[in-house]
$ cat my_file.txt   # compact mmCIF, C-alpha atoms
# COMPACT_ATOMS: atom_id res chain seq x y z
CA MET A 1 1.25 -98.73 144.45
CA ALA A 2 5.01 -99.14 144.39
CA ALA A 3 6.51 -100.75 141.31
CA ALA A 4 7.93 -104.26 141.57
CA PRO A 5 11.69 -104.34 142.17
CA VAL A 6 14.03 -105.21 139.32
CA SER A 7 14.56 -108.97 139.02
CA LEU A 8 17.91 -110.19 140.30
CA SER A 9 20.12 -111.17 137.39
CA GLY A 10 23.71 -111.84 136.44
CA ARG A 11 24.25 -108.26 135.35
CA PHE A 12 24.64 -107.30 139.00
CA LYS A 13 28.28 -108.23 139.49
CA GLY A 14 29.11 -109.56 142.93
CA SER A 15 25.53 -110.70 143.52
CA PHE A 16 24.48 -114.26 144.26
CA ALA A 17 22.88 -114.38 140.79
CA TYR A 18 26.15 -113.34 139.13
CA PHE A 19 28.09 -115.98 141.05
CA THR A 20 25.54 -118.66 140.11
CA ILE A 21 25.43 -117.88 136.40
CA LYS A 22 29.15 -117.22 136.05
CA ASP A 23 30.43 -120.21 138.04
CA ARG A 24 27.87 -122.75 139.18
CA LEU A 25 25.77 -123.20 136.03
CA PRO A 26 28.78 -123.88 133.76
CA GLN A 27 30.05 -126.35 136.37
CA ILE A 28 26.71 -128.15 136.35
CA LEU A 29 26.80 -128.40 132.56
CA THR A 30 30.36 -129.72 132.71
CA ARG A 31 29.30 -132.42 135.17
CA VAL A 32 26.40 -133.42 132.93
CA ILE A 33 28.78 -133.71 129.96
CA ASP A 34 31.21 -135.78 132.05
CA THR A 35 28.37 -138.03 133.23
CA LEU A 36 27.27 -138.73 129.67
CA HIS A 37 30.84 -139.52 128.66
CA ARG A 38 31.31 -141.91 131.60
CA HIS A 39 28.21 -143.84 130.53
CA LYS A 40 29.40 -144.26 126.95
CA ASN A 41 30.07 -147.98 127.38
CA GLU A 42 26.67 -148.47 129.00
CA PHE A 43 24.99 -146.77 126.03
CA PHE A 44 26.93 -149.03 123.66
CA GLU A 45 25.95 -152.18 125.57
CA LYS A 46 22.27 -151.22 125.57
CA HIS A 47 21.89 -149.58 122.17
CA GLY A 48 24.98 -150.35 120.11
CA GLU A 49 26.47 -147.67 117.87
CA LYS A 50 23.19 -145.72 117.93
CA GLY A 51 23.68 -145.15 121.65
CA VAL A 52 27.25 -143.94 121.18
CA GLU A 53 26.27 -141.57 118.38
CA ALA A 54 23.40 -140.21 120.49
CA GLU A 55 25.84 -139.60 123.35
CA LYS A 56 28.16 -137.66 121.04
CA ARG A 57 25.33 -135.50 119.72
CA ALA A 58 24.02 -134.76 123.22
CA ILE A 59 27.50 -133.75 124.40
CA SER A 60 27.90 -131.49 121.36
CA PHE A 61 24.54 -129.86 122.14
CA LEU A 62 25.48 -129.31 125.79
CA SER A 63 28.94 -127.97 124.94
CA LYS A 64 27.32 -125.41 122.66
CA LEU A 65 24.85 -124.56 125.42
CA ARG A 66 27.71 -123.98 127.88
CA ASN A 67 29.39 -121.64 125.40
CA GLU A 68 26.14 -119.71 124.92
CA LEU A 69 25.89 -119.27 128.68
CA GLN A 70 29.48 -118.21 129.28
CA THR A 71 29.45 -115.68 126.43
CA ASP A 72 26.04 -114.22 127.35
CA LYS A 73 24.37 -115.18 124.09
CA PRO A 74 20.64 -114.45 123.56
CA MET A 75 18.17 -117.06 124.78
CA ILE A 76 16.74 -119.09 121.90
CA PRO A 77 13.38 -120.86 121.58
CA LEU A 78 13.08 -124.53 122.46
CA ASN A 79 12.85 -126.86 119.51
CA ASP A 80 11.25 -130.10 120.64
CA GLU A 81 7.76 -131.60 120.73
CA LEU A 82 7.14 -131.79 124.48
CA PRO A 83 3.82 -130.41 125.80
CA ASP A 84 5.46 -127.55 127.70
CA THR A 85 7.51 -126.26 124.75
CA PRO A 86 4.94 -123.62 123.63
CA ILE A 87 4.75 -122.28 127.20
CA TRP A 88 8.52 -121.87 127.42
CA ASN A 89 8.64 -120.15 124.04
CA GLN A 90 5.74 -117.86 124.95
CA TYR A 91 7.59 -116.82 128.08
CA LEU A 92 10.73 -116.11 126.06
CA GLU A 93 8.64 -113.85 123.84
CA TYR A 94 7.31 -112.14 126.96
CA GLN A 95 10.88 -111.49 128.12
CA ARG A 96 11.64 -109.96 124.74
CA ASN A 97 8.66 -107.65 125.06
CA VAL A 98 9.48 -106.46 128.59
CA SER A 99 13.05 -105.63 127.60
CA ASN A 100 11.66 -102.45 125.97
CA GLY A 101 14.22 -102.47 123.19
CA ASN A 102 17.15 -103.01 125.56
CA GLY A 103 18.39 -106.05 123.69
CA GLN A 104 17.47 -109.71 123.49
CA PRO A 105 17.00 -111.75 126.69
CA SER A 106 20.38 -113.27 127.48
CA TRP A 107 22.03 -115.37 130.16
CA PHE A 108 23.44 -112.53 132.26
CA GLN A 109 20.74 -109.95 131.52
CA SER A 110 17.56 -111.99 132.09
CA PRO A 111 16.10 -112.84 135.52
CA TRP A 112 18.18 -115.41 137.35
CA LEU A 113 15.20 -117.66 138.17
CA TYR A 114 14.24 -117.87 134.50
CA VAL A 115 17.82 -118.41 133.33
CA GLU A 116 18.51 -121.30 135.69
CA CYS A 117 15.21 -123.06 134.95
CA TYR A 118 15.78 -122.51 131.23
CA MET A 119 19.20 -124.17 131.47
CA TYR A 120 17.73 -127.34 132.98
CA ARG A 121 15.03 -127.38 130.31
CA ARG A 122 17.71 -127.11 127.61
CA ILE A 123 19.57 -130.05 129.20
CA HIS A 124 16.35 -132.04 128.89
CA GLU A 125 16.04 -130.89 125.28
CA ALA A 126 19.56 -132.17 124.53
CA LEU A 127 18.50 -135.66 125.57
CA ILE A 128 15.03 -135.55 124.01
CA HIS A 129 16.63 -134.86 120.64
CA ASN A 130 18.89 -137.89 120.94
CA PRO A 131 17.11 -141.22 121.26
CA PRO A 132 17.72 -143.95 122.29
CA ILE A 133 19.29 -142.22 125.34
CA ASP A 134 16.43 -139.72 125.64
CA ASP A 135 15.27 -141.28 128.93
CA PHE A 136 18.71 -141.04 130.58
CA ASP A 137 18.82 -138.99 133.80
CA PRO A 138 22.25 -137.30 134.08
CA PHE A 139 21.49 -136.30 137.67
CA MET A 140 20.51 -139.74 138.98
CA GLU A 141 23.90 -140.53 140.51
CA ALA A 142 23.96 -137.19 142.33
CA LYS A 143 20.39 -137.69 143.54
CA ILE A 144 21.19 -141.11 145.01
CA GLN A 145 24.41 -139.95 146.64
CA SER A 146 22.74 -136.85 148.03
CA PHE A 147 19.88 -138.92 149.44
CA PHE A 148 22.23 -141.14 151.40
CA GLU A 149 24.32 -138.19 152.56
CA ALA A 150 21.14 -136.46 153.71
CA GLN A 151 19.71 -139.33 155.74
CA GLN A 152 20.75 -137.88 159.09
CA ALA A 153 19.13 -134.56 158.22
CA ILE A 154 16.01 -136.30 156.88
CA ILE A 155 15.66 -138.28 160.12
CA ALA A 156 16.08 -135.10 162.17
CA VAL A 157 13.34 -133.27 160.26
CA CYS A 158 10.97 -136.26 160.27
CA THR A 159 11.47 -136.78 164.00
CA TYR A 160 10.74 -133.13 164.66
CA LEU A 161 7.63 -133.20 162.45
CA GLN A 162 6.41 -136.39 164.09
CA GLU A 163 6.64 -134.79 167.53
CA LEU A 164 4.98 -131.65 166.22
CA LEU A 165 2.01 -133.59 164.88
CA LYS A 166 1.45 -135.27 168.23
CA ASN A 167 0.74 -131.90 169.83
CA ILE A 168 -0.53 -129.91 166.88
CA GLU A 169 -4.07 -129.60 168.23
CA ASP A 170 -2.72 -127.79 171.28
CA LEU A 171 -1.05 -125.05 169.22
CA ASN A 172 -2.72 -121.70 168.74
CA GLU A 173 -2.77 -119.83 165.44
CA ASN A 174 0.45 -117.92 166.11
CA GLN A 175 2.26 -121.11 167.08
CA LEU A 176 1.03 -122.88 163.95
CA LYS A 177 2.21 -119.96 161.84
CA GLU A 178 5.60 -120.06 163.53
CA GLU A 179 5.96 -123.80 162.87
CA PHE A 180 4.83 -123.35 159.27
CA PHE A 181 7.48 -120.74 158.53
CA LYS A 182 10.09 -122.84 160.30
CA LEU A 183 9.35 -125.83 158.06
CA LEU A 184 9.08 -123.57 155.02
CA GLN A 185 12.64 -122.39 155.62
CA VAL A 186 13.78 -125.99 155.98
CA SER A 187 12.09 -126.77 152.66
CA LEU A 188 13.76 -123.79 151.00
CA TRP A 189 17.26 -124.98 151.87
CA GLY A 190 16.51 -128.70 152.02
CA ASN A 191 17.70 -129.23 148.44
CA SER A 192 21.01 -127.48 149.07
CA ILE A 193 23.04 -130.60 148.49
CA ARG A 194 26.57 -130.96 147.11
CA THR A 195 26.30 -128.53 144.19
CA LEU A 196 25.09 -125.79 146.51
CA LYS A 197 27.67 -126.29 149.25
CA ALA A 198 29.58 -123.21 148.11
CA GLU A 199 26.37 -121.16 148.01
CA ILE A 200 25.46 -122.27 151.54
CA GLN A 201 28.84 -121.14 152.78
CA PHE A 202 28.51 -117.90 150.81
CA CYS A 203 25.08 -117.16 152.31
CA LEU A 204 26.24 -118.10 155.78
CA THR A 205 29.13 -115.68 155.44
CA ILE A 206 26.78 -112.86 154.43
CA ARG A 207 24.26 -113.64 157.17
CA LEU A 208 26.79 -114.17 159.93
CA SER A 209 28.63 -110.99 159.02
CA LYS A 210 25.45 -109.12 159.96
CA CYS A 211 25.33 -110.67 163.44
CA THR A 212 26.12 -108.33 166.28
CA PRO A 213 27.89 -109.23 169.54
CA SER A 214 24.74 -108.30 171.48
CA GLY A 215 23.45 -111.84 171.06
CA GLY A 216 26.17 -113.17 173.36
CA SER A 217 26.41 -116.91 173.79
CA GLN A 218 23.04 -117.44 172.10
CA MET A 219 24.29 -115.89 168.86
CA GLN A 220 27.55 -117.79 169.12
CA SER A 221 25.80 -121.14 169.47
CA ARG A 222 23.61 -120.41 166.46
CA ARG A 223 26.69 -119.37 164.50
CA GLU A 224 28.41 -122.63 165.41
CA MET A 225 25.37 -124.63 164.34
CA CYS A 226 25.34 -122.95 160.91
CA LEU A 227 29.08 -123.31 160.41
CA HIS A 228 28.99 -126.99 161.35
CA ALA A 229 26.19 -127.54 158.84
CA ALA A 230 28.13 -125.83 156.04
CA ALA A 231 31.51 -127.37 156.81
CA GLY A 232 30.07 -130.86 157.15
CA GLY A 233 28.23 -130.68 153.85
CA ALA A 234 24.82 -131.07 155.50
CA CYS A 235 21.94 -130.99 153.06
CA MET A 236 19.90 -128.31 154.75
CA TRP A 237 20.24 -124.99 156.37
CA GLN A 238 17.75 -124.48 159.12
CA LEU A 239 16.96 -120.88 159.96
CA LEU A 240 14.98 -120.54 163.14
CA PRO A 241 13.41 -117.47 164.77
CA PRO A 242 15.62 -116.17 167.59
CA PRO A 243 14.58 -117.83 170.86
CA THR A 244 13.47 -115.55 173.65
CA THR A 245 15.22 -117.37 176.50
CA PRO A 246 18.40 -119.43 176.95
CA ALA A 247 16.20 -122.44 177.71
CA ALA A 248 14.41 -122.00 174.40
CA GLU A 249 17.78 -121.69 172.66
CA SER A 250 18.89 -125.01 174.11
CA GLU A 251 15.63 -126.68 173.10
CA VAL A 252 15.92 -125.40 169.53
CA LEU A 253 19.49 -126.61 169.15
CA GLN A 254 18.66 -130.05 170.50
CA SER A 255 15.53 -130.42 168.36
CA HIS A 256 17.24 -129.33 165.14
CA ARG A 257 20.74 -130.63 165.57
CA VAL A 258 21.97 -131.93 162.21
CA GLY A 259 25.27 -133.74 162.32
CA ILE A 260 26.73 -131.55 165.07
CA PRO A 261 28.71 -133.47 167.68
CA ALA A 262 27.65 -132.94 171.27
CA LYS A 263 30.08 -131.00 173.41

$ encode --input "my_file.txt" --output "structure tokens"
Amino acid sequence: MAAAPVSLSGRFKGSFAYFTIKDRLPQILTRVIDTLHRHKNEFFEKHGEKGVEAEKRAISFLSKLRNELQTDKPMIPLNDELPDTPIWNQYLEYQRNVSNGNGQPSWFQSPWLYVECYMYRRIHEALIHNPPIDDFDPFMEAKIQSFFEAQQAIIAVCTYLQELLKNIEDLNENQLKEEFFKLLQVSLWGNSIRTLKAEIQFCLTIRLSKCTPSGGSQMQSRREMCLHAAAGGACMWQLLPPPTTPAAESEVLQSHRVGIPAK
């Protein structure tokens, strides 16, 4: 049996993981810090000086975290009392064991998936350690804004799914599988909102650079659909299997049009 491939990480310069850890994650931490600072008056109104002091401590924690990330410091165990803390620390120990003496797990050397999830857990830790603002959600504003920006895309997906369910009993196994993978791809990119706009454009560039002219007008229309989605800041990137006929191409574009003006 072939060995599992090496996990994608920030040590591969020029990779999507490197771009994410080097640029996007520090930007996310900076936005969280800015959000806490902007709510300083709100913390004071609700909690008095205790709220302001908690805000300062949380910002100090997050600033230190950002420095650890940017300088590729070793990952450290979590230090709070939440139920999942032992699991996170056990996994950190596992990463230390699989390194085979090649150094401590660190931000650019450890698997990208682990690193990014770990960062969000450390953000949560920063707030947990600082009551009375420990229930503050620094991403709430972005969530609300993204939801309203995504309404057109949400309606498009729901409308498509509603029509699909009306005829689902008439689909054979292969058709069901095709629809499943189609919706799975929508789900994969459905959270690509605002903070991931650059990544969407990056991925589109990579994917579209692999397109060949043999697709003719069909490939061009699909390229335009993707570029419109990226340029307009749409919240999802829908990847569909290549249609077999021009009629199918037209049907796909009409069914999955997200914020693209009709010609």

$ atom_distance --input "my_file.txt" --atom1 "CA of Lys143 (chain A)" --atom2 "CA of Glu179 (chain A)"
27.8 Å

$ residues_around --input "my_file.txt" --residues "region 61-66 of chain A" --least-positions-apart "4" --cutoff "7 Å" --atoms "all atoms listed in the file" --output "list in words"
Pro26, Leu29, Ile33, Arg57, Gln70, Ile123 and Ala126 of chain A

$ atom_distance --input "my_file.txt" --atom1 "CA of Met75 (chain A)" --atom2 "CA of Leu8 (chain A)"
17.0 Å

$ residues_around --input "my_file.txt" --residues "region 38-42 of chain A" --least-positions-apart "4" --cutoff "9 Å" --atoms "all atoms listed in the file" --output "list in words"
Ile33, Asp34, Lys46, His47, Gly51, Val52, Glu55 and Lys56 of chain A

$ atom_distance --input "my_file.txt" --atom1 "CA of Arg11 (chain A)" --atom2 "CA of Leu92 (chain A)"
18.2 Å

$ closest_residue --input "my_file.txt" --among "A:Pro5, A:Pro86, A:Gly14, A:Pro138" --to "Ile28 (chain A)" --atoms "all atoms listed in the file"
A:Pro138

$ residues_around --input "my_file.txt" --residues "Asp72 (chain A)" --least-positions-apart "4" --cutoff "9 Å" --atoms "all atoms listed in the file" --output "PDB file with C-alpha atoms, keeping the file's coordinate frame"
ATOM      1  CA  ASN A  67      29.390-121.640 125.400  1.00  0.00           C
ATOM      2  CA  GLU A  68      26.140-119.710 124.920  1.00  0.00           C
ATOM      3  CA  SER A 106      20.380-113.270 127.480  1.00  0.00           C
ATOM      4  CA  TRP A 107      22.030-115.370 130.160  1.00  0.00           C
ATOM      5  CA  PHE A 108      23.440-112.530 132.260  1.00  0.00           C
ATOM      6  CA  GLN A 109      20.740-109.950 131.520  1.00  0.00           C
TER       7      GLN A 109
END

$ closest_residue --input "my_file.txt" --among "A:Ser110, A:Asn130, A:Asn174, A:Asn79" --to "Tyr94 (chain A)" --atoms "only C-alpha atoms"
A:Ser110

$ axis_aligned_box --input "my_file.txt" --around "region 105-122 of chain A" --padding-each-side "8 Å" --output "AutoDock Vina command-line options"
--center_x 18.8 --center_y -118.7 --center_z 132.4 --size_x 25.2 --size_y 33.4 --size_z 27.5

$ closest_residue --input "my_file.txt" --among "A:Ala17, A:Leu161, A:Thr30, A:Ile155" --to "Phe180 (chain A)" --atoms "all atoms listed in the file"
A:Leu161

$ closest_residue --input "my_file.txt" --among "A:Glu116, A:Pro105, A:Lys50, A:Leu36" --to "Pro74 (chain A)" --atoms "only C-alpha atoms"
A:Pro105
